[in-house]
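Visitor: Can you read through this structure? Questions will come right after.
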Amino acid sequence: MEKAKISPRQLFMLIVLFELGSSIIIPVGLTAKQDAWLAVLGGMVGGLLLFLLYHKVGSYYPGLVPTEYMPKIWGPFLGNIFAFLYVIYLFYLAARVLRDFGEMLVMFAYPETPLFIINLLWMILVVYTVRKGIEALARTGEILFVVLFILAMASLLLLIFNGSIDTRNLQPVFEEGPLPLVKAIGETVFFPFGEIVFFTMILPYINDSKKTKRAGLYALILSGLILSVTMAINLSVLGYSLLARTNFPLLATIQTIELAEFLQRLDVFFIIGVVIGGFFKITILFYVAVMGTTSLFKVEKPEQLVFPLGFITLFLSVGIASSFPEHIQEGLDIVPMYLHLPFQVIFPLLLLVGAFLRNRHKQKSSG
Amino acid sequence: MNRKRAVLLGLLASLSVFMSGCWSERQLTDMAIVSAVGIDQDEEGKYVASYQFFNPGNIAGGLQGGGGGQSPPVAVYTATGDSIMEVHGNMSKKVSREPYYSHANLIVISDELAEKEGIASVLDAFSRGSQFRVTTTVVIARDVKAKDLMTTLTALDKVPSQKIMDTLETTEKAMGENINIDLQEVIRGLVSPGKEPLISGFTVKGDVKEGKKQESLQATDLPMTIEADGNAVFKNGKLVDWIDGSGARSVLWVLDRVESTTITIKWADKKDAVSYRVVRQKTNVSADIKGGKPRISVGIHMEGDIGEVRVPIELKDPDVLEKVEKEIREQTRKEIEQAIRRAQKNKTDVFGFGEVFHQAEPKEWKKVKKSWEDSIFPNLNVEVKVEAYVRRTGLRNNSYLSDIKSEQE
Amino acid sequence: MYKNHFLGKSEGKKSRKVGGAMSPFFKGKKKAAPTQPVDPMPGSITSNLQKNLDVIKQTFGNSPDIIIRPLKTGFAKVDAAVIYVQGLVDSQLLNDFLLESLMKNDFPYDNQPSPEMLDNLSDVVIALGGVTKEKEWSKLLESLLGGATLIFIDGIGEALAVASTQGGETRSISEPSTQSVIRGSREGFTENIATNISMVRRIIKSPDLWIESMKIGTQTHTDVSIMYMNNLAESDVVEEVRKRLKKINIDSVLESGYIEQLIEDQPASPFPQVYFTERPDVIAGNLLEGRIAIFVNGTPFVLLVPVVFLQFFQTPDDYYFRFDIATATRFLRIIIFFISLVGPAIYIAAASFHQEMIPTQLMLILASQRETVPFPAIFEALIMELTFEILREAGLRMPKAIGSTVSIVGGLVIGQSAVQAGIVSPPMVIVVAITAIASFATPSFSVAISVRLLRFAFMGLAAAFGFFGIIIGLIMLTVHLCSLRSFGVPYMAPFAPYRSAEFGDAVVRAPWWATKKRPALSNPENMEREGEAQMPAPPQSRVIKNKSTEKGNEDES
């Protein structure tokens with residue numbers, strides 16, 4: 001663990017940037033069709049509950065990261081195995097997200113460039129940042145948060161003035177009854193909100209642990225609202241059927257802006273916002289993965305590992321799927337059931353139970 | 001030393017990136033910028049696409065070499081193929097550079113193609129490709145080939161496709177008899193069971209052959225012009241009818257796309273006696289169920305000024321104005337009902353009533369979705385209510401015609 | 001204070017010509033240098049006047065500017081000598097107060113000269129200040145070279161060093177050449193450290209203004225002083241500055257730039273972490289915010305630490321003008337910074353990769369103009385940028401009169417001809433020209449230099465990866481900036497970490513009547529800068545009187 005400290009405000013911003021990272025471009029909750037924006041809100045509630053769960057588990061072992069306290073709860077053998085599984089999960093996810101963003105850039109702007117090169121450029125940035133440490137990342141987050149915020153406001157205003165927003169496309173609400181909505185919430189809880197589980201590795205860095213819970217909850221609420229509004233806007237502008245067929249709905253939305261002759265072709269706003277969001281998501285995932293590895297294997301000089309781990313992630317990102325639809329399909333079918341569910345819900349619950357029992361034990365034995 | 005070697009290797013590797021010529025880079029001079037795409041169909045059913053390319057040296061007046069004037073600002077090349085992608089490939093045999101579509105703001109489909117095959121199968125490449133934009137305007141070529149619309153030069157605008165787009169935009173705002181629709185909306189109309197697309201038509205009046213020559217532009221009164229001409233109505237993606245004039249305006253009115261227009265009413269037994277200029281209008285379409293059947297209500301609210309009178313009329317008198325308003329209302333209502341009936345005869349729901357019904361009564365919609373166009377829509381009960389208000393009469397109140405009349409009496 | 005306690009390896013690789021017969025003589029072999037520099041002048045003086053004088057002559061290699069003036073003083077006409085370096089002393093003072101008093105001195109001394117005679121001289125005879133008694137050669141020579149005058153008496157094994165004869169020709173106070181302002185003082189620092197220190201003292205007349213002196217540079221023994229407000233600066237930071245300065249072990253310090261490069265937090269970063277200025281009012285303002293100034297003799301550029309990135313975008317005028325124009329100018333500077341950094345890169349990215357971003361009309365103009373140009377956009381940009389850099393350098397080296405003309409004429413002529421020859425396209429020239437002007441408009445020269453370098457990096461990124469490359473570069477730059485610290489202060493404060501109190505002086509400039517607190521740099525106990533209710537207002541409110549106002553002055557005139 002580094003000696004650095006970050007403030008609750010920085011945590012807030014990092015969480016928001018992270019949550020928005022890929023979810024801004026990849027649509028979620030589409031099972032609920034035009035109620036997808038409601039599904040996002042529902043997922044947010046689920047995310048809040050999960051965050052409280054994670055925070056509670058962490059509160060039993062302040063100052064320790066999950067890979068350190070897992071062995072404490074379940075014993076060294078089992079605990080280390082689970083910690084190792086977490087680390088692998090993290091690397092896989094980092095590779096997945098990297099793939100998402102690389103594909104998007106290739107599809108949209110650089111069709112002939114090999115995916116590997118685009119991802120390489122991403123990884124150079126990510127590796128550089130991780131070597132600089134979490135403080136640099138947190139501060140960068142503060143600055144880029146403002147940039148992203150300004151971009152988002154500008155885009156929103158332009159969309160409103162352009163007249164693209166047609167709220168009739170959001171109707172009818174609950175067309176097929178509440179069931180699709182419930183199913184969709186089941187998806188959004190895992191992605192993007194459940195991914196907050198990774199922040200458990202960063203929580204020990206906060207310099208004011210009392211404010212952590214508040215910062216995290218506010219951050220989730222804000223990102224949930226933003227995502228929901230974005231989804232609603234996308235639906236209003238494009239209509240469900242077009243949205244479902246588009247790989248990157250937000251891009252299509254922004255492409256409809258055509259004001260005053262020269263305020264058109266604002267795709268560049270989109271690219272900037274996406275690169276910033278992607279940067280944070282990938283970097284945080286990668287950072288946490290590296291941290292997990294170094295704490296698990298008790299490495300003294302984490303900086304040395306960053307390069308090789310970066311390469312591994314890069315190669316992994318290219319290798320996990322052979323085409324973009326396959327990649328998306330994996331993300332919808334395999335990942336939630338076999339990865340998100342255990343790692344985001346089941347394991348933490350078990351950890352909570354374990355921590356609770358152990359500490360009761362301790363109190364009894366010390367009392 | 002290890003660090004240094006790594007850095008050196010990294011530097012060499014990065015240099016190679018620059019040397020190899022970046023993959024996705026394209027120089028402006030290697031591109032043939034497409035301004036519009038026109039699609040016809042030949043006897044064998046293949047697509048014949050005409051691309052209108054910009055000739056940049058002749059459009060912009062740069063400092064270098066004093067620009068063209070000799071050769072036209074655009075060049076048109078035609079290629080054939082079984083699909084749009086194949087056409088693109090075949091085009092490369094004729095054009096010295098790779099076509100670049102990001103600035104192709106217009107797609108023209110010939111009416112023959114739209115009637116025979118329909119437009120649905122043509123448009124996928126335009127929606128999927130990363131270079132095309134969903135805001136591209138779509139237009140049907142009426143009574144001419146799409147290619148003719150591409151090759152005809154225009155006087156005021158250097159680039160003909162620009163003229164088509166600007167004309168469409170202007171006339172939709174000013175008269176409301178042609179609809180300015182883009183690719184996204186066309187596709188949405190094709191997909192939705194409760195709506196059909198409506199696309200404007202353009203034609204070339206005059207001598208098409210002369211239109212291709214630059215010399216034809218050297219006259220004040222051109223032998224050929226490109227004009228907007230009616231709107232094409234579709235059913236299941238195929239062109240079935242054309243609507244012009246006030247009928248077209250009525251359709252656009254229901255679609256809430258009219259911004260301003262002129263309505264002429266008869267007065268004192270004279271037809272087209274008073275012209276009313278609509279300044280603001282708002283249309284509301286709602287749906288509900290009455291007597292077990294779907295019912296649509298169309299409400300139009302308009303405000304405007306008197307633009308012209310051709311008979312002596314007491315415009316100073318508010319009662320007279322009220323009568324004028326009533327006349328306007330009646331006339332508009334009749335026109336709209338007429339347009340609706342025509343669409344019902346064609347069994348195409350251009351108005352999007354189905355969509356409105358879908359949003360208002362989703363459960364009922366599910367039941368009737370499949371038969372909407374063919375059985376429900378033609379027998380639909382549509383109530384049209386029009387409110388019209390005359391606010392002002394321009395800079396004069398009574399016309400000088402009233403004075404003439406009183407002099408004569 | 002020339003103390004031999006420099007630790008650490010000395011610069012063994014640099015060749016050192018330590019004068020005099022006493023030191024070892026490196027034949028170019030890379031001998032392992034001794035851990036402590038050799039004292040060139042060990043030992044103390046003898047009581048034989050002639051021997052002492054010989055030693056001096058020998059040490060200095062008979063340099064003609066070391067003046068040895070023999071005289072006799074006292075009633076008994078004892079042999080003495082006054083030694084000084086011509087040019088380093090104020091001859092007027094020397095003649096009037098030293099030589100004259102010594103020669104007119106007719107105190108009766110005993111026949112045997114004794115140390116009391118020196119006390120008598122220093123207490124009663126010599127009408128100057130700064131008199132000390134010394135016997136170590138090293139100290140005597142140090143003061144001699146500092147402009148002091150040495151007085152040797154035959155028969156006494158100690159000498160007097162009169163320090164206040166320092167003088168000589170220096171540049172007078174003139175307008176600073178770098179940071180010129182429209183409104184504000186026109187005094188700039190000179191090369192003399194004493195003058196500079198006094199200029200700041202004249203602005204801050206507070207006894208809390210503390211100064212510590214040291215000599216840095218094993219050959220040059222340059223005077224270096226640090227200055228800070230004792231009640232405002234954090235003592236940890238002062239200690240850190242002291243530590244780093246003391247760690248410096250180099251043979252010459254010719255300019256404050258040497259010191260800057262040796263005490264930086266991160267020498268590998270392209271961005272400056274130490275601020276420098278020629279203006280006393282800037283120093284004073286920063287001292288009052290808790291910063292520390294470092295003066296170096298021989299240069300008018302005074303250093304300031306710790307520093308944040310934002311300072312490089314501030315000019316002294318900002319504070320002297322009213323807040324609205326100052327704020328607007330600051331916003332402008334940020335835009336300028338971005339233009340000068342990524343201007344050409346954006347052009348390259350748009351022209352080579354993202355042509356869809358440009359509105360159709362503009363693109364047609366661009367396309368038509370690029371038809372004639374044989375190179376891809378990146379080469380065009382590189383050629384133009386390089387040409388501009390060459391012109392800029394040429395303008396600097398030329399004498400003032402011709403310099404600016406050459407650059408303007410050169411730029412215009414070359415640009416025009418290049419466009420007409422079809423080598424570059426007009427939009428490129430426009431972009432490069434705007435970028436160049438933007439970089440001149442950057443307030444701080446050191447940032448402008450960094451930006452010049454980074455601009456090429458961005459152009460390369462844009463050429464290879466288009467817009468994506470530019471954004472990656474910008475993010476990397478942000479991360480780098482955020483990871484810098486200057487003497488413990490985060491470089492990007494007050495943006496990150498966010499400190500609301502300092503925002504009043506960041507992008508906007510809050511009016512003087514609104515800034516109540518000092519920045520967080522300062523000693524936490526001393527945060528209040530001004531009193532309450534400072535906002536100016538006219539004496540009596542001129543609003544409509546209604547019932548709730550008190551009966552005021554009825555005289556409406």
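In the structure tokens, chains take the letters A, B, ... in the order shown, each chain's residues start at 1, and ligands count up from 1 in the order shown.
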Should the cut-off be 6 Å, what would the residue list for chain A against chain B look like, counting only C-alpha atoms, as number ranges by chain?
Guide: A: 108, 110, 112-113, 171-172
Visitor: Kindly determine which residues of chain C lie within 12 Å of chain B, considering only C-alpha atoms, and give the answer as a PyMOL selection string.
Guide: chain C and resi 348-379+416-427+459-469
Visitor: Go ahead and write the residues just picked, C-alpha atoms, as a PDB file, in the first residue's frame.
Guide:
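As written to disk, part.pdb reads:
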ATOM      1  CA  ILE C 348      -3.050  18.056 -38.084  1.00  0.00           C
ATOM      2  CA  ALA C 349      -5.585  15.743 -36.465  1.00  0.00           C
ATOM      3  CA  ALA C 350      -8.526  17.371 -38.183  1.00  0.00           C
ATOM      4  CA  ALA C 351      -6.883  17.484 -41.581  1.00  0.00           C
ATOM      5  CA  SER C 352      -5.508  13.971 -41.513  1.00  0.00           C
ATOM      6  CA  PHE C 353      -8.002  11.902 -39.597  1.00  0.00           C
ATOM      7  CA  HIS C 354     -11.161  13.600 -38.647  1.00  0.00           C
ATOM      8  CA  GLN C 355     -12.278  15.490 -41.659  1.00  0.00           C
ATOM      9  CA  GLU C 356     -15.854  14.957 -40.614  1.00  0.00           C
ATOM     10  CA  MET C 357     -15.381  17.373 -37.775  1.00  0.00           C
ATOM     11  CA  ILE C 358     -14.882  20.338 -40.036  1.00  0.00           C
ATOM     12  CA  PRO C 359     -18.005  22.014 -41.418  1.00  0.00           C
ATOM     13  CA  THR C 360     -18.432  21.288 -45.106  1.00  0.00           C
ATOM     14  CA  GLN C 361     -17.798  24.800 -46.342  1.00  0.00           C
ATOM     15  CA  LEU C 362     -14.551  25.116 -44.453  1.00  0.00           C
ATOM     16  CA  MET C 363     -13.433  21.718 -45.511  1.00  0.00           C
ATOM     17  CA  LEU C 364     -13.872  22.534 -49.135  1.00  0.00           C
ATOM     18  CA  ILE C 365     -11.683  25.583 -48.738  1.00  0.00           C
ATOM     19  CA  LEU C 366      -9.078  23.528 -46.970  1.00  0.00           C
ATOM     20  CA  ALA C 367      -9.233  20.789 -49.566  1.00  0.00           C
ATOM     21  CA  SER C 368      -8.860  23.166 -52.450  1.00  0.00           C
ATOM     22  CA  GLN C 369      -5.864  24.778 -50.875  1.00  0.00           C
ATOM     23  CA  ARG C 370      -4.207  21.531 -50.034  1.00  0.00           C
ATOM     24  CA  GLU C 371      -4.511  20.284 -53.570  1.00  0.00           C
ATOM     25  CA  THR C 372      -1.343  22.091 -54.495  1.00  0.00           C
ATOM     26  CA  VAL C 373       0.700  21.091 -51.464  1.00  0.00           C
ATOM     27  CA  PRO C 374       2.878  18.034 -51.928  1.00  0.00           C
ATOM     28  CA  PHE C 375       3.312  17.106 -48.284  1.00  0.00           C
ATOM     29  CA  PRO C 376       1.003  15.544 -45.772  1.00  0.00           C
ATOM     30  CA  ALA C 377      -0.197  17.840 -43.052  1.00  0.00           C
ATOM     31  CA  ILE C 378       2.312  16.707 -40.482  1.00  0.00           C
ATOM     32  CA  PHE C 379       5.317  17.636 -42.569  1.00  0.00           C
ATOM     33  CA  GLN C 416       4.128  34.435 -48.135  1.00  0.00           C
ATOM     34  CA  SER C 417       6.655  32.903 -50.491  1.00  0.00           C
ATOM     35  CA  ALA C 418       6.085  29.465 -49.109  1.00  0.00           C
ATOM     36  CA  VAL C 419       2.383  29.765 -49.675  1.00  0.00           C
ATOM     37  CA  GLN C 420       2.811  30.998 -53.187  1.00  0.00           C
ATOM     38  CA  ALA C 421       5.335  28.347 -54.017  1.00  0.00           C
ATOM     39  CA  GLY C 422       2.785  25.838 -52.860  1.00  0.00           C
ATOM     40  CA  ILE C 423       4.928  24.311 -50.155  1.00  0.00           C
ATOM     41  CA  VAL C 424       2.545  25.088 -47.346  1.00  0.00           C
ATOM     42  CA  SER C 425      -1.100  25.937 -47.343  1.00  0.00           C
ATOM     43  CA  PRO C 426      -2.435  29.223 -45.987  1.00  0.00           C
ATOM     44  CA  PRO C 427      -4.424  27.630 -43.163  1.00  0.00           C
ATOM     45  CA  MET C 459       2.043  17.205 -33.134  1.00  0.00           C
ATOM     46  CA  GLY C 460       3.649  13.816 -33.325  1.00  0.00           C
ATOM     47  CA  LEU C 461       0.808  12.231 -31.392  1.00  0.00           C
ATOM     48  CA  ALA C 462      -1.729  13.917 -33.595  1.00  0.00           C
ATOM     49  CA  ALA C 463       0.037  12.768 -36.719  1.00  0.00           C
ATOM     50  CA  ALA C 464       0.049   9.175 -35.587  1.00  0.00           C
ATOM     51  CA  PHE C 465      -3.215   8.848 -33.751  1.00  0.00           C
ATOM     52  CA  GLY C 466      -5.363  11.844 -34.499  1.00  0.00           C
ATOM     53  CA  PHE C 467      -7.603  13.255 -31.896  1.00  0.00           C
ATOM     54  CA  PHE C 468      -7.338  10.247 -29.683  1.00  0.00           C
ATOM     55  CA  GLY C 469      -3.599  10.807 -29.499  1.00  0.00           C
TER      56      GLY C 469
END
Visitor: For chain A, report every residue with an atom at most 8 Å from chain C (counting only C-alpha atoms), formatted as a PDB file with N, CA and C atoms, in the first residue's frame.
Guide:
ATOM      1  N   GLN A  10     -12.245  13.652  -3.272  1.00  0.00           N
ATOM      2  CA  GLN A  10     -11.602  13.010  -4.412  1.00  0.00           C
ATOM      3  C   GLN A  10     -12.194  11.636  -4.649  1.00  0.00           C
ATOM      4  N   ALA A 109     -13.705   5.871 -35.314  1.00  0.00           N
ATOM      5  CA  ALA A 109     -12.787   6.849 -35.880  1.00  0.00           C
ATOM      6  C   ALA A 109     -11.618   6.243 -36.633  1.00  0.00           C
ATOM      7  N   LEU A 121      -1.792   2.253 -26.834  1.00  0.00           N
ATOM      8  CA  LEU A 121      -1.741   3.661 -26.456  1.00  0.00           C
ATOM      9  C   LEU A 121      -2.475   3.895 -25.144  1.00  0.00           C
ATOM     10  N   TRP A 122      -3.645   3.263 -25.018  1.00  0.00           N
ATOM     11  CA  TRP A 122      -4.378   3.351 -23.757  1.00  0.00           C
ATOM     12  C   TRP A 122      -3.506   2.879 -22.607  1.00  0.00           C
ATOM     13  N   LEU A 125      -0.793   5.130 -21.284  1.00  0.00           N
ATOM     14  CA  LEU A 125      -1.316   6.152 -20.394  1.00  0.00           C
ATOM     15  C   LEU A 125      -1.644   5.561 -19.026  1.00  0.00           C
ATOM     16  N   TYR A 128       1.463   4.633 -17.016  1.00  0.00           N
ATOM     17  CA  TYR A 128       2.124   5.845 -16.530  1.00  0.00           C
ATOM     18  C   TYR A 128       1.408   6.384 -15.298  1.00  0.00           C
ATOM     19  N   THR A 129       0.089   6.428 -15.389  1.00  0.00           N
ATOM     20  CA  THR A 129      -0.660   6.975 -14.265  1.00  0.00           C
ATOM     21  C   THR A 129      -0.528   6.112 -13.017  1.00  0.00           C
ATOM     22  N   LYS A 132       2.513   6.721 -11.190  1.00  0.00           N
ATOM     23  CA  LYS A 132       2.566   7.979 -10.454  1.00  0.00           C
ATOM     24  C   LYS A 132       1.818   7.886  -9.131  1.00  0.00           C
ATOM     25  N   GLY A 133       0.936   6.917  -9.017  1.00  0.00           N
ATOM     26  CA  GLY A 133       0.295   6.724  -7.723  1.00  0.00           C
ATOM     27  C   GLY A 133      -1.120   7.252  -7.644  1.00  0.00           C
ATOM     28  N   GLU A 135      -2.483   9.342  -5.598  1.00  0.00           N
ATOM     29  CA  GLU A 135      -2.701  10.777  -5.360  1.00  0.00           C
ATOM     30  C   GLU A 135      -2.796  11.528  -6.661  1.00  0.00           C
ATOM     31  N   ALA A 136      -1.854  11.219  -7.577  1.00  0.00           N
ATOM     32  CA  ALA A 136      -1.900  11.882  -8.878  1.00  0.00           C
ATOM     33  C   ALA A 136      -3.217  11.581  -9.559  1.00  0.00           C
ATOM     34  N   LEU A 137      -3.650  10.321  -9.458  1.00  0.00           N
ATOM     35  CA  LEU A 137      -4.903   9.932 -10.094  1.00  0.00           C
ATOM     36  C   LEU A 137      -6.066  10.704  -9.498  1.00  0.00           C
ATOM     37  N   ARG A 139      -6.061  13.591  -7.989  1.00  0.00           N
ATOM     38  CA  ARG A 139      -6.052  15.000  -8.355  1.00  0.00           C
ATOM     39  C   ARG A 139      -6.460  15.200  -9.800  1.00  0.00           C
ATOM     40  N   THR A 140      -5.959  14.317 -10.668  1.00  0.00           N
ATOM     41  CA  THR A 140      -6.380  14.389 -12.067  1.00  0.00           C
ATOM     42  C   THR A 140      -7.885  14.246 -12.141  1.00  0.00           C
ATOM     43  N   GLU A 142     -10.052  15.246 -10.024  1.00  0.00           N
ATOM     44  CA  GLU A 142     -10.727  16.496  -9.683  1.00  0.00           C
ATOM     45  C   GLU A 142     -10.793  17.415 -10.886  1.00  0.00           C
ATOM     46  N   ILE A 143      -9.681  17.517 -11.583  1.00  0.00           N
ATOM     47  CA  ILE A 143      -9.665  18.438 -12.716  1.00  0.00           C
ATOM     48  C   ILE A 143     -10.545  17.927 -13.855  1.00  0.00           C
ATOM     49  N   GLU A 261     -25.647  26.158 -38.347  1.00  0.00           N
ATOM     50  CA  GLU A 261     -24.660  25.926 -39.408  1.00  0.00           C
ATOM     51  C   GLU A 261     -23.329  25.363 -38.959  1.00  0.00           C
ATOM     52  N   PHE A 262     -22.742  25.895 -37.931  1.00  0.00           N
ATOM     53  CA  PHE A 262     -21.413  25.359 -37.626  1.00  0.00           C
ATOM     54  C   PHE A 262     -21.392  24.498 -36.377  1.00  0.00           C
ATOM     55  N   GLN A 264     -22.277  21.715 -35.661  1.00  0.00           N
ATOM     56  CA  GLN A 264     -22.695  20.369 -35.978  1.00  0.00           C
ATOM     57  C   GLN A 264     -21.454  19.495 -35.928  1.00  0.00           C
ATOM     58  N   ARG A 265     -21.626  18.274 -36.144  1.00  0.00           N
ATOM     59  CA  ARG A 265     -20.506  17.352 -36.140  1.00  0.00           C
ATOM     60  C   ARG A 265     -19.735  17.446 -34.834  1.00  0.00           C
ATOM     61  N   LEU A 266     -20.482  17.377 -33.731  1.00  0.00           N
ATOM     62  CA  LEU A 266     -19.846  17.553 -32.443  1.00  0.00           C
ATOM     63  C   LEU A 266     -19.374  16.241 -31.862  1.00  0.00           C
ATOM     64  N   ASP A 267     -19.089  15.301 -32.756  1.00  0.00           N
ATOM     65  CA  ASP A 267     -18.643  14.005 -32.258  1.00  0.00           C
ATOM     66  C   ASP A 267     -17.408  14.136 -31.400  1.00  0.00           C
ATOM     67  N   VAL A 268     -16.696  15.225 -31.610  1.00  0.00           N
ATOM     68  CA  VAL A 268     -15.460  15.356 -30.858  1.00  0.00           C
ATOM     69  C   VAL A 268     -15.734  15.502 -29.362  1.00  0.00           C
ATOM     70  N   ILE A 271     -15.935  12.053 -28.175  1.00  0.00           N
ATOM     71  CA  ILE A 271     -14.646  11.378 -28.022  1.00  0.00           C
ATOM     72  C   ILE A 271     -13.955  11.835 -26.750  1.00  0.00           C
ATOM     73  N   ILE A 272     -13.953  13.143 -26.510  1.00  0.00           N
ATOM     74  CA  ILE A 272     -13.257  13.633 -25.323  1.00  0.00           C
ATOM     75  C   ILE A 272     -13.875  13.023 -24.072  1.00  0.00           C
ATOM     76  N   VAL A 275     -13.067   9.297 -23.787  1.00  0.00           N
ATOM     77  CA  VAL A 275     -11.685   8.961 -23.443  1.00  0.00           C
ATOM     78  C   VAL A 275     -11.431   9.257 -21.969  1.00  0.00           C
ATOM     79  N   ILE A 276     -11.971  10.359 -21.491  1.00  0.00           N
ATOM     80  CA  ILE A 276     -11.775  10.666 -20.071  1.00  0.00           C
ATOM     81  C   ILE A 276     -12.422   9.583 -19.214  1.00  0.00           C
TER      82      ILE A 276
END
Visitor: So that I can check the secondary structure, give me every residue of range 212-408 of chain B assigned helix (DSSP H, G or I) by backbone DSSP, as a PyMOL selection string.
Guide: chain B and resi 215-217+245-254+318-346+353-360+362-379+400-408
Visitor: Distance CA of Val302 in chain C-CA of Asp317 in chain C, one decimal place?
Guide: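 Pair CA of Val302 in chain C / CA of Asp317 in chain C returns 18.8 Å.
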Visitor: Which polymer residues have any atom within 12 Å of an atom of range 238-244 of chain B, counting only C-alpha atoms, with same-chain residues fewer than 6 positions away left out, as a PyMOL selection string?
Guide: chain B and resi 109-122+140-143+175-179+190+196-202+228-232+250-252+338-340+342-348+350
Visitor: Excluding range 253-265 of chain C and residues on its chain fewer than 5 positions from it, collect all residues at most 9 Å away from it, counting only C-alpha atoms, and give them as an MDAnalysis selection string.
Guide: chainID C and resid 216:222 241 244:245 247:248 272:276 294:303 484:488
Visitor: Which residue, B:Asp166, B:Val278, B:Val311, B:Glu387, has the smallest gap to Glu325 in chain B when you use only C-alpha atoms?
Guide: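 When distances to Glu325 in chain B are compared using only C-alpha atoms, the smallest one comes from B:Glu387.
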Visitor: With a distance cut-off of 10 Å and only C-alpha atoms, select the neighbouring residues of range 241-244 of chain A, excluding the residue or stretch itself and same-chain residues fewer than 5 positions from it, and output the selection as a tab-separated table (two decimals) with N, CA and C atoms, in the first residue's frame.
Guide:
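As a result, result23.tsv now contains:
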chain	number	residue	atom	x	y	z
A	27	PRO	N	-25.07	0.93	-23.67
A	27	PRO	CA	-26.40	1.04	-23.06
A	27	PRO	C	-26.66	-0.12	-22.10
A	30	LEU	N	-31.53	-2.53	-21.34
A	30	LEU	CA	-32.39	-2.47	-22.52
A	30	LEU	C	-33.50	-3.49	-22.49
A	31	THR	N	-33.41	-4.45	-21.58
A	31	THR	CA	-34.49	-5.42	-21.48
A	31	THR	C	-35.80	-4.72	-21.16
A	33	LYS	N	-36.73	-1.98	-22.41
A	33	LYS	CA	-37.07	-1.12	-23.56
A	33	LYS	C	-37.09	0.34	-23.18
A	34	GLN	N	-38.21	1.00	-23.39
A	34	GLN	CA	-38.14	2.44	-23.16
A	34	GLN	C	-38.17	2.82	-21.69
A	231	MET	N	-29.67	8.04	-20.24
A	231	MET	CA	-30.44	7.00	-20.89
A	231	MET	C	-31.78	7.55	-21.36
A	234	ASN	N	-31.16	9.66	-24.40
A	234	ASN	CA	-30.93	8.82	-25.58
A	234	ASN	C	-32.22	8.25	-26.11
A	235	LEU	N	-33.06	7.78	-25.19
A	235	LEU	CA	-34.33	7.22	-25.63
A	235	LEU	C	-35.20	8.28	-26.28
A	236	SER	N	-35.21	9.47	-25.67
A	236	SER	CA	-36.06	10.52	-26.23
A	236	SER	C	-35.62	10.91	-27.62
A	249	PRO	N	-25.17	4.38	-28.48
A	249	PRO	CA	-26.29	5.33	-28.59
A	249	PRO	C	-25.92	6.76	-28.31
A	250	LEU	N	-25.08	7.01	-27.34
A	250	LEU	CA	-24.78	8.40	-27.02
A	250	LEU	C	-24.16	9.09	-28.22
A	252	ALA	N	-24.78	8.45	-31.35
A	252	ALA	CA	-25.85	8.76	-32.30
A	252	ALA	C	-26.63	9.98	-31.84
A	253	THR	N	-26.85	10.08	-30.53
A	253	THR	CA	-27.57	11.23	-30.01
A	253	THR	C	-26.83	12.52	-30.32
B	184	GLN	N	-32.55	9.27	-40.45
B	184	GLN	CA	-33.00	8.68	-39.19
B	184	GLN	C	-34.50	8.58	-39.14
B	187	ILE	N	-35.93	5.91	-41.55
B	187	ILE	CA	-35.80	4.54	-41.04
B	187	ILE	C	-36.81	4.29	-39.93
B	188	ARG	N	-36.96	5.32	-39.10
B	188	ARG	CA	-37.93	5.13	-38.01
B	188	ARG	C	-39.31	4.89	-38.58
B	191	VAL	N	-39.63	1.36	-39.89
B	191	VAL	CA	-39.67	0.32	-38.87
B	191	VAL	C	-41.00	0.29	-38.13
B	192	SER	N	-41.50	1.45	-37.86
B	192	SER	CA	-42.65	1.48	-36.97
B	192	SER	C	-43.92	1.02	-37.68
Visitor: Which residue is closest to Gln86 in chain C? Choose from C:Asn105, C:Ser143, C:Thr149, C:Ser122 and count only C-alpha atoms.
Guide: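 Checking each of C:Asn105, C:Ser143, C:Thr149, C:Ser122 against Gln86 in chain C, counting only C-alpha atoms, the winner is C:Thr149.
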